[in-house]
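Trainee: The structure is given below, and queries will be raised subsequently.
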Amino acid sequence: MDALSLLWWIPALPFLGAAVNGLLVRNGQKGLVTFVGLAAPGASMLLGLTAIWQYATGLAPEPLRQAVYSWTVGEMSIDVAFRLDPLSAVMTFVVTVVGFLIHVYSVGYMGREEGYRRYFSFLNLFMGAMLLLVLGSNFLVMFVGWEGVGLCSYLLIGYYFDQEFPPEAGKKAFVVNRIGDFAFLVGMLALFASFGTLEFGEITERVLAAPEIAKAPYVFGLSLAGFVTLCLFIGAMGKSAQIPLYVWLPDAMAGPTPVSALIHAATMVTAGVYMVVRTNVLYQLAPEISLFVAGIGAATAIFAATIGLAQNDIKKVLAYSTVSQLGYMFLAAGVGAYVAAIFHLATHAFFKALLFLGSGSVIHAMGGEQDMQKMGGLRKHLPLTYPTYLIATLAIAGIPPLAGFFSKDEILAGAFAGHHHLIWGVGILTAGLTACYMFRSVYLTFHGSFRGSHEQEHHLHESPKVMTVPLVLLALGAVTAGWIGIPTGLWEMAGFADHNVLHHFLSPVIATLPGVDTGHHLSHSTELLLMLVSVAVALGGWLVAKRLWGGERGLAADRTFAERLPFVQRLLANKYYVDELYDRVIVRPLAGLARGCWKIVDTLLIDGALHVGAFVTELTGDLGRFSTTGNIRNYALYFFAGVLLLFWWMIF
Amino acid sequence: MNPEYSVSTAELASLAPEIVLTVGGSLLLLLEAFAPRLRRSFHWLGLAFVAAASWYVATLPAGPSFAGLIEASSLTAAFSQAVLLAAALGLLVAPGYLSRERLLAGEYPALLLWCAAGLLLLVRGVELLTLFVALELLSLCLYGLAGFHRRIASSAEAALKYFLMGAFVSAFLVYGIALVYGETGSTRIEGIAAALARGQGSPGLLLLGFLLLACGFAFKLSLVPFHAWAPDVYQGAPSPVVAFLSVAPKVASVVVLVRLVLLVAESPLGGKWPDLLALLAAASMLVGNLFALVQRDIKRMLAYSGIAHMGYVMIPLAAPGPHSWQPVLVYLVAYVLMNAGAFAIVTMIYGQPGEQHAISSLAGWGYRFPLLAGCLTVCMVSLAGVPPTAGFLGKYFVFLHAIEHGRLGLALIGIATSLIGVAFYLRVVYMLYMKPEVAAPEGFVIDFGGRVGAVIAAGGSLLLGIWPQRFLSWVAASFERL
Amino acid sequence: MSTSFLDLLLGDTITRFVFFPTVAGLPLLLMRRAPAATVKIYALVVSLVELALIGLFVVGRWGSTGALLARDAVLPWIDLAPLSVVYEVGLDGISLPLVLLTGLLLPIVLLGSWNGIDKHWGGYAFSMLLLTTGILGALVALDLFVFYVFWEVMLIPMYLIIGIWGAERRIYAAVKFFLFTMAGSLLMLIGILWLGWTYGRLTGVWSFRYEDLLRLELPIDQQLWLFGAFAIAFAIKVPMFPVHTWLPDAHVEAPTGGSVILAGILLKLGTYGFLRFALPLFPHAADRLTPWLLALALVGIVYGALVAWVQVDMKKLVAYSSIAHLGFVMLGIMACDLVAWQGALIQMVNHGLSTGALFLLVGMLYERRHTKKFEDFGGLAKPMPWFATVLVFSTLASVGLPALNGFVGEFMILVGTFKAGWRWFAALSTVGVVLAAIYLLKMLQQTIWGPITREENESVPDLGLREALTLAPLCVLMLWIGVAPKPFLEPSRPALAALLEDYRSRCAEPAPDEPLLAPARVSAGSPTFAAGVVDQEAGR
Amino acid sequence: MSVPISWYLLLAAALFAIGAIGALTRRNGIAIFLSIELMLNAANLTLAAYSRLLGDRAGQMVVFFVLAVAAAEAAVGLALFIGIFRLRRTIDVNRINLLRW
Amino acid sequence: MELLAFVVFGLAALVSAIVVVAHRSPIHSTLSLVVTLVSTAALFLMLGSPFLAALQVLLYTGAILVLFLFVIMLLNVQRERTGAAARSPFQTWSALIAAFVLAGAVCRLLWDAHGEAVLAPLTEDFVALRNTASLLFRDYLLPFEMVGLLLLVAVVVASWVARRGGADSEEESR
C-alpha cells in the first residue's frame with residue numbers, strides 16, 4: 001500500500017466518520033456509532049503510521065507535498081495541499097496514536113451518556129481538524145484546522161449544553177482563541193502580501209534565499225519577520241493558553257475528561273508550539289520576538305505552576321499543569337531549542353493524556369466527583385489507574401528515565417546553552433513546583449484515607465477494560481517516549497554513537513541560517529551537571545509534596561497554609577483574580593461601549609437627529625398650515641402681498 | 001346682410017371642439033328639462049361629446065382663426081386632449097356620487113362640458129381679452145360645480161371662497177390687461193411681442209402688468225403664495241368635481257402662463273422672469289409638501305400635494321424656452337391621471353360628502369376595496385414619483401430639464417421636497433393595508449363608471465411609467481414645430 | 001433586427017427571467033378567494049420555474065470566457081431624440097452570483113413563509129415576486145436609467161412586505177426604510193441625469209447606457225459630487241455607518257421572508273452598486289475618497305459587531321451583524337484589489353446564505369414561541385436538536401469559520417485589502433472577526449445552550465420536513481463554498497479583472513479639467529463586454 | 001382746458017387701491033364683492049383712458065366685455081351668497097371658515 | 001371746462017368709493033357705489049366712449065347694483081358688527097399699506113410714463129358707435145359669442161345654486 005499517495009485520507013477519514021455519525025446514524029444505534037467512531041480515527045492512525053514509516057524509511061528525505069485541489073483562483077491561488085515532513089510526521093504520530101487511544105477510552109467513559117453519537121461525531125471532527133492542522137502544507141490549510149479544532153473544542157467543552165457553565169466555558173475558549181486567531185490571520189496576511197504564497201516550503205525557501213527581505217523594517221520598528229512572528233505567536237498564545245490568553249483552558253475542563261485529555265492537553269493546545277517550530281526560520285530571523293516567546297513561556301510556566309499548587313479540582317490541577325508545560329515548550333522554542341520543544345510536546349502528549357485519562361478514571365470511579373478534598377486512598381480501589389497515574393506523574397516531574405525527564409532536560413539545557421540563565425532558573429524552579437503539585441495530587445487522590453461520602457465509597461470501582469487498556473498503553477508511551485531523544489551528550493559520554501533519533505529526524509525542518517548563531521554547545525560535564533540539578537530539584541519537589549501531603553496528612557498542609565498566609569492562598573486559589581481582572585478591564589468596558597454605541601450613538605444621536613429632523617419638518621408644516629386660516633380676507637391679502645413682494649423683487 | 005359681419009365656415013370649423021362641447025352641454029340641459037328620465041345616461045352622453053370634441057381637436061387644421069384671437073396647433077391640441085381627458089374622468093366618476101347625493105341632474109354634465117369648452121378656448125387663446133373671457137367662462141362653471149352640492153355648507157362655502165377669490169384676482173387680471181394693453185397698444189400676444197421688441201411702453205408698468213397677468217394665472221395654478229384657496233375649495237367641493245377641478249384648469253392655465261412667460265422672457269423685459277418662476281416653483285414645492293405632510297384629511301392633503309406638483313411643473317419654466325413645453329406637458333398628463341384618479345377613488349369610497357375625509361378612515365379598507373385601493377396605491381406611488389409610474393416619468397423630464405439648463409438647485413429642492421412627499425403619500429398606502437380596519441365604510445358608491453375611471457387613471461399612470469414611448473412620441477410630435 | 005419586448009420576454013433571455021416572476025405572479029392578485037394551499041403552491045411553482053429559468057439560462061452560457069456572459073438585444077425604451085433611454089440588460093460575472101442567489105432564495109423564502117404569513121398570502125407572494133423582478137432587473141441593468149427604475153421598483157413591495165406582514169412597529173420600520181432609501185436614490189437620480197446630460201452635451205445624443213457613460217472623463221470636482229450622490233444612495237442600502245439605523249428596525253419588524261430577502265439580496269445591491277457604478281464611473285473621486293470609505297467600512301464592522309453584542313432581540317442581533325458583515329464587503333470593494341473584489345463578491349453571496357439561514361431560523365423559532373427575545377429562550381438544543389444543529393452551523397458560517405463560506409469571503413477580502421496596501425484597515429478589521437465570535441456565540445449561548453428556564457421551551461417541536469427542505473440548500477451551499485470556493489469564484493473573475501484594470505488605468509491618468517469623452521473601449525480592460533456578447537445580438 | 005390723460009389713470013389707480021382696501025378689510029361678503037366691483041370699475045377706467053391715449057378702440061371693447069362678465073359674475077356671486085346664507089345664516093367671511101388649515 | 005368736469009366727477013368717484021369701502025352698512029355702500037359708477041360713466045363720456053357710459057349706467061347701475069340691493073335686502077344683512085373680536089388690525093393695516101404701496105407705485109410709474117401729456121381732441125371717428133359695433137361683431141365676434149355662453153352659464157349656475165336644495169330636489173331626482 002502506498003500510504004503516501006493516500007496522505008489526504010488521513011484527515012479525511014475522521015471527517016467522514018464525523019459526517020456519518022453526525023448525519024446518517026441514528027441516536028439509538030450505539031454499536032454503529034462506536035464502530036464508526038473508532039474505525040475512522042483507527043484507519044486514519046494506521047494510514048498515518050504507515051505513511052510515516054514509508055516516509056521515514058524512504059530514500060529521499062524531501063518533504064512530501066500532495067495537492068488535492070485548488071481552493072481559490074487567480075492571484076490568490078491557494079491549494080488544499082498536505083505535507084509530510086519530519087515535523088508533521090511526529091505530530092501525526094502523536095495525534096493519531098494518542099487520539100485513537102482516547103477514542104477507545106471514550107467508549108467506556110462516555111458509554112452511558114445521552115449524546116454518545118454527538119460526542120463521537122465531534123471527537124472525529126476534532127481528529128480531522130487536528131490532522132488538517134498538522135498535515136497542512138500551507139498556512140491556510142493549517143488555519144482551517146486551527147479554527148476547526150477550536151470549534152471542536154467549543155463544541156466539546158460545551159458538551160453538557162444543558163448546564164449553565166460548560167457552554168459558557170466553551171464560548172470563552174472559542175472567543176479567547178479567536179483573539180489569537182485574529183493575530184494569526186494578520187500574520188498570514190503579511191506573509192501573503194510579502195511572499196505571495198502561504199506554502200510553508202516556499203516561504204522557507206524564499207526566506208533562506210533572501211533573509212534580508214524578512215529582516216527589512218516593516219512596521220513599528222519591527223522587521224517583517226518580527227511582525228509576522230509576533231502575530232503568529234499571539235495566535236499561538238491563544239491556542240496554547242499562554243499568558244495572557246490562558247484563561248480559557250482551566251474553564252475548558254468543564255468538558256468530558258477524555259476531551260480534556262485529547263484536546264486540552266495532548267493535541268490542540270500544542271498546536272501553537274507546532275506552529276512556532278514550523279515557522280522557525282522566521283523566528284530565527286527575529287531574535288527579539290524569540291526572546292519574547294521564551295519570556296512568555298517561562299512566565300506562563302511558573303505562573304501556572306503556582307496556581308496549580310493551590311487547586312483542589314483534580315482536573316484543574318492538570319489544566320494548570322498543562323498551561324505550565326506549554327509554557328515550557330514555548331520557552332524551548334523561544335530559546336531556539338525547537339527540537340526540544342517538539343520533543344517535550346510529544347512526551348507531554350503521552351503523560352498528560354495519561355494523567356487526564358487517569359483522572360477520568362478516578363472521576364468515573366467517584367461518580368463524577370472532581371474535588372480532591374473528597375478523595376484519598378483510592379489506590380486500593382483503582383489498582384490499574386494508580387500505577388499508571390503515578391508513572392505519568394513521575395514522567396511529568398522529570399524523574400529519569402521517564403519521558404518527561406529527557407524532554408524537560410533538553411529544554412533547560414537549551415536555555416542554559418543559549419545563556420538565558422534567568423529563564424533557565426525559572427525553568428528549574430518550575431520543574432520543582434511541577435513535581436510538588438503533581439505529587440500533591442497523587443497524595444491527595446490516592447494516598448491517605450477516603451474523605452468522600454459513603455455512597456461514593458461504596459461506588460468505588462476500577463474502570464472497565466476499554467478504559468484501562470488505553471491507560472496502560474499510554475503509560476508505556478510515557479515511559480518510553482523519551483528514549484527517542486536521549487541527549488547526544490549522554491550517548492557520547494557513554495561512548496556510543498549519537499542515537500538522538502529525534503534530533504536527526506527533525507533536523508531538516510530546523511532551518512540553519514547563515515547569519516544566525518544557533519551553535520551553542522555545552523560541554524558534557526555542564527550538561528551532566530544540569531541534569532543532576534534538575535533531577536535533584538524534581539526529587540526535592542516530590543519530597544516537599546510527600547512531607548506536606550503524603551501519607552495520612554491529607555489536607556492539613558493546605559489548611560495551615562490558608563491560616564498562615566490567607567492572602568496568598570486566596571490569590572492562588574482564585575488564580576490571581578485574572579478572570580475578574582479581564583472582566584473589569586476589558587469585558588465590561590467593552591460592553592459599556594457597545595451599549596453606548598447602541599443607546600447613545602444609534603438611538604439617541606442618529607435616530608434622534610432623524611426624528612428631530614422629521615419633527616422639525618412636521619412642526620414647520622403644522623405651524624405653517626395655520627396660515628391657511630379659512631378666512632378669504634387673509635387669502636386675498638396673501639395674493640395682494642405676494643404680487644407686491646414679487647413686483648418689488650422684480651424691480652430691484 | 002353686410003358680408004363684413006359674416007362668419008366663414010372655416011372659422012366655425014376651427015371652433016368645432018368648443019361648439020360640440022357647448023352644444024352638447026346645452027342639449028343635456030334641454031334633456032334635463034324635457035326628458036329627466038334619461039338622467040342616468042347624461043354622463044355617458046357627455047362622454048360621447050367629449051370624445052367627439054377630442055376627435056375634432058385631433059383633426060383641427062393648424063392656424064389662427066377668428067381674426068387671430070385663437071389659434072390651433074399641435075401644441076394646443078396636445079394640451080386640449082389633456083383637458084378632455086380630465087373632463088372625461090370628471091364625467092365618469094360623478095354619476096355615482098350625484099345619484100347617491102340625489103343631485104343627479106343635467107346641470108352637472110352641462111357645466112362640465114361648458115367648462116371644458118372654456119378651457120379649450122383658454123388653451124387656444126392668443127389674445128388677452130379672449131383669454132379673460134374664457135377664463136371667466138370656465139371659472140363661472142367651476143364656481144357652479146364647486147357649489148354643486150347645494151345642501152351642504154362646505155360645498156357652498158367652497159364655492160363662495162373660490163368665487164370671491166376668483167373675482168378678486170380677476171380684478172387684478174383686468175388691471176394687468178389694462179396696463180399691458182395701454183403700454184403696448186395691443187391685446188394680442190403677437191402684437192405685444194412686437195411692441196416689446198420695439199421697446200415700446202414703460203418698463204415698470206409693463207412689468208407690473210405682466211406680473212399681474214402671471215399672478216392671475218398662478219392663482220389658478222395655486223402656486224404659492226396664491227395657493228391658499230385651493231385646500232379649502234378642494235376639501236369642500238364635491239369630490240368628483242375636485243377630480244376635474246384639481247387638474248383641468250391647471251392644464252389650461254399652465255398653457256397661458258407658459259405663453260406669457262415665453263413672451264416676456266424673450267423680450268427686453270425678460271431679465272428676472274426665470275428667477276421669478278424658480279422662486280414660485282421652489283416656494284410651491286416647499287409649502288405644498290410641508291403643509292400636505294401634516295394634513296389629516298385626504299382631500300386637503302391632495303390639495304397641498306397639488307400645490308407642490310404645480311411647483312414641479314414650474315421647474316422647466318425657470319429656464320424658459322420652447323423646450324419648456326415638453327416636460328410641462330408630460331408632467332401635466334401624469335398629474336391629470338394620478339390626481340384625478342386619486343380624487344375619483346376618494347369620491348367612491350368616502351360615504352359622506354362634506355368636509356371630513358380623514359385619511360385615518362381608510363384604515364384597513366385596502367382589503368375591502370381591493371381594486372380601488374390598488375388603484376389608489378398606484379396613484380399615490382405615482383404622485384410620490386416612484387418608478388415605474390407616470391409621476392416618475394414627469395419628474396424625470398422635469399429634473400432633466402432643470403439639470404440641462406443649469407437649475408440644479410431647483411432640482412435638489414425638488415428632490416428634498418419629494419422626499420417629504422413620499423412620507424405623506426405612503427401614509428395613505430399604509431392606512432389602506434397596514435392598519436386594522438377601525439370603521440366600516442358606509443354610504444360608499446362604487447359604480448361602473450367610477451371603477452372604469454379609477455382603472456383608467458391608475459392603469460394610465462402605470463402604463464406611462466412602464467411603456468411611455470407611444471405617449472412621448474405623441475408629445476414630441478406636438479412640439480415638432482417649436 | 002427589430003426585436004420587440006415581447007420577443008425578449010418569450011425567448012431564452014435575461015428579460016424572460018427578470019419579468020417572469022411578476023407576469024406569472026399577476027394571477028395571484030386574482031386568486032383572492034382561492035384556497036390558501038392553491039395560492040401557496042402556485043407561488044412556489046412560479047418561484048421554482050423562475051429558478052429553473054435562471055439556472056437554464058446560466059448553465060447554457062457557463063463556458064463563456066468573456067467578461068460578459070450574455071446580453072439581451074438593446075431595445076429603445078424612451079426614444080425621444082435627443083433624449084433617449086434604452087432598455088438594456090446583460091449578465092456578467094459580477095451580477096451572476098447575485099442573480100443566482102436571488103433565484104435560489106426566492107423559493108426558499110416562499111417555503112419559509114408557508115405558515116409564518118397568516119394573511120393575504122397571495123399578496124405576499126406577489127410582492128415577493130415583484131420584488132424579485134426589481135432585484136434581478138437592477139442586477140442585470142446595463143443602462144443607468146433602467147437600473148434606477150428597477151432599483152426603485154424594489155421599494156414598494158418591500159415597503160408592503162414590512163408594513164403589512166411585519167411585527168408591531170412595522171409601519172415605523174417600513175416608512176423609515178422607504179424614506180431612507182428614497183433619500184439616497186433621489187440623489188442618485190440627479191447624478192444619473194447629470195451623467196446622461198453631460199454625455200449628451202459632448203455627443204449631442206443623450207445616453208444613460210453604462211458603456212457610454214463609462215467613456216466620460218469628468219473633472220475631479222464633478223466626480224466628487226457625483227460619486228457622493230451615488231455613494232450616499234448605495235451606502236444607505238448597504239448600509240454603512242452612520243446611515244444604517246433603518247436596517248435594525250426593518251429587520252426586526254419585517255416578516256421572516258422579508259428579512260431574508262432584505263439581508264440576503266437587497267443590501268447587496270448597495271455594495272453591488274459601488275462595485276458596478278460608483279467606482280468605475282468616478283474612478284478619481286473613488287480613489288480620493290477611498291480612505292474615508294474604508295474607515296467607514298471599518299467603523300461599520302466594529303460598530304455593528306459591538307452593538308450586535310448587546311442586543312436583547314435575536315433578530316436585531318442578526319441585523320446588526322449584517323452591518324458588520326457588509327462592512328467587510330465594503331472594505332473589500334474599496335480596497336480595489338482583485339482578490340478583495342472577488343472576496344467581496346463571494347462574501348455578498350455568503351452573507352445572503354448564512355444570514356438568510358439565520359433569519360429563517362429565527363423566524364421558525366418565532367412561529368413556535370412568538371418571541372424573539374433572548375430572555376425567553378435557553379436550552380432549546382434539548383427539544384430541538386436539529387434546529388440547534390442548523391443554527392450552530394449557520395452561526396459558524398456567519399462567524400467566518402474556515403471551511404465554511406464566511407471565511408472564504410472574509411479571508412480574500414482581508415488578503416486583498418492587506419495586499420493593496422491598506423494594512424491597518426485589514427489588520428483592524430480582523431477585530432470584527434473576534435467580535436463576530438463574541439456576539440454570535442452569545443446568541444447560541446442564550447438560545448440553545450444552557451438549562452431550560454421556561455416551561456414553554458420544554459416541548460417546542462423540532463424542525464419539520466418543510467423547514468428542513470428550506471434550510472438544506474443553504475447549508476449545503478455554505479459548506480460547499482467553504483470547502484471548494486473555486487467554482488464560485490471563477491465565473492466572476494474575468495469581469496472583475498477587466499473592471500479593475502479599467503479602473504486602475506483610469507485612475508493612473510489625471511482627471512481632466514473639462515468633461516471629456518474617451519474613445520469607446522475595446523474588449524481590453526473595460527467591462528463593457530465588447531467581446532463576449534456580439535453573437536447574441538447577431539443571432540437575431 | 002384739457003386734462004392730461006395721466007390724471008385719469010392716476011384716478012383709476014386710486015380707485016383700484018381703495019377697492020382693494022375694501023376687499024381686504026370688509027367682513028361682509030357682499031361688501032367685499034362690492035369692493036371688487038369697484039376694482040373692476042377702476043380697471044375699466046384705466047382701459048378706457050388708455051384707449052383714449054392710444055386712439056385705439058380695442059380698449060373700449062375690453063371694457064365692454066368686462067362689464068358683461070361682471071354682470072354674469074354678479075349673478076353667480078349673489079346666488080352663491082343666497083345659497084350660503086340659507087345654510088349658514090351669515091355672509092360674514094370671518095365666520096365662513098368651516099374649511100381651514 | 002374739461003378740468004372742472006374731471007375734478008367734479010373724479011372727486012365724486014373718489015369720495016363715494018371711500019364711502020363704499022368704509023361704510024358699515026351694505027346698503028349705503030351699494031348706494032355709494034352707484035355714485036361712483038355714474039361718475040365713472042361721466043368720465044367714460046369724457047374719454048370719448050358714450051357707448052360705455054350708457055352701458056355703465058344701464059347695465060351696472062341699472063341692473064347689477066339693483067340686484068345687489070335686492071339680495072342685500074333679501075338676506076336682511078345687518079351692519080357689520082364692531083368689537084374687539086371682529087377687528088383684525090393686522091389685516092387692516094396690511095391692507096392699507098399694501099394698497100398705498102400699490103397705488104403709490106402705479107401712480108409714480110404712470111406719471112413717469114405719461115406725465116402731463118395732453119391729447120389731441122377727440123375725433124368723430126373714435127367716438128362713432130358704428131365703428132364700435134363693427135369692432136364688436138367682426139374682430140371680437142368670438143368673445144362676444146363666449147359672453148353669450150357665459151351669461152347662459154351664469155343663469156344656470158345661479159338657478160342651480162340659489163334653488164332650494166332640500167326635500168323638493170330629492171323628489172326631483174327620484
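Lettering and numbering for the C-alpha cells are positional, with chains as A, B, ... in the shown order, residues counted from 1 in each chain, and ligands counted from 1 in the shown order.
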Would you mind listing, as a ChimeraX atom specification, all residues of chain B that have at least one atom within 7 Å of chain C, where only C-alpha atoms are what counts?

Mentor: /B:386-388,400,403-404,415,419,430,433-434,468-469,472-473,476

Trainee: Give me, as a PyMOL selection string, all polymer residues having an atom no more than 8 Å from D:Ala49, counting only C-alpha atoms and skipping those fewer than 3 positions away in the same chain.

Mentor: (chain D and resi 5+8-9+45-46+52-53) or (chain E and resi 47)

Trainee: Counting only C-alpha atoms, what are the residues of chain D within 6 Å of chain A, and for each of them which pair of atoms is the nearest and at what distance in Å, to one decimal? Sort the table by chain and rising number, as a Markdown table.

Mentor:
| residue | atom | partner | partner_atom | distance |
| --- | --- | --- | --- | --- |
| D:Leu24 | CA | A:Arg633 | CA | 5.3 |
| D:Asn94 | CA | A:Asn631 | CA | 5.7 |
| D:Asn97 | CA | A:Gly630 | CA | 4.7 |
| D:Leu99 | CA | A:Gly630 | CA | 5.6 |
| D:Arg100 | CA | A:Gly630 | CA | 4.0 |
| D:Trp101 | CA | A:Thr628 | CA | 4.9 |

Trainee: Taking the DSSP secondary structure from the backbone, can you list the residues of stretch 52-301 of chain B that are strand (DSSP E or B), as a PyMOL selection string?

Mentor: chain B and resi 63-65+70-72+125+127+188+297

Trainee: What is the atom CA of A:Ala395 to atom CA of A:Gly238 distance in Å?

Mentor: 26.3 Å

Trainee: Once DSSP has gone over the backbone, tell me which residues of stretch 88-207 of chain C are in alpha helix (DSSP H), as a VMD selection string.

Mentor: chain C and resid 95 to 112 121 to 140 144 to 153 155 to 165 170 to 203
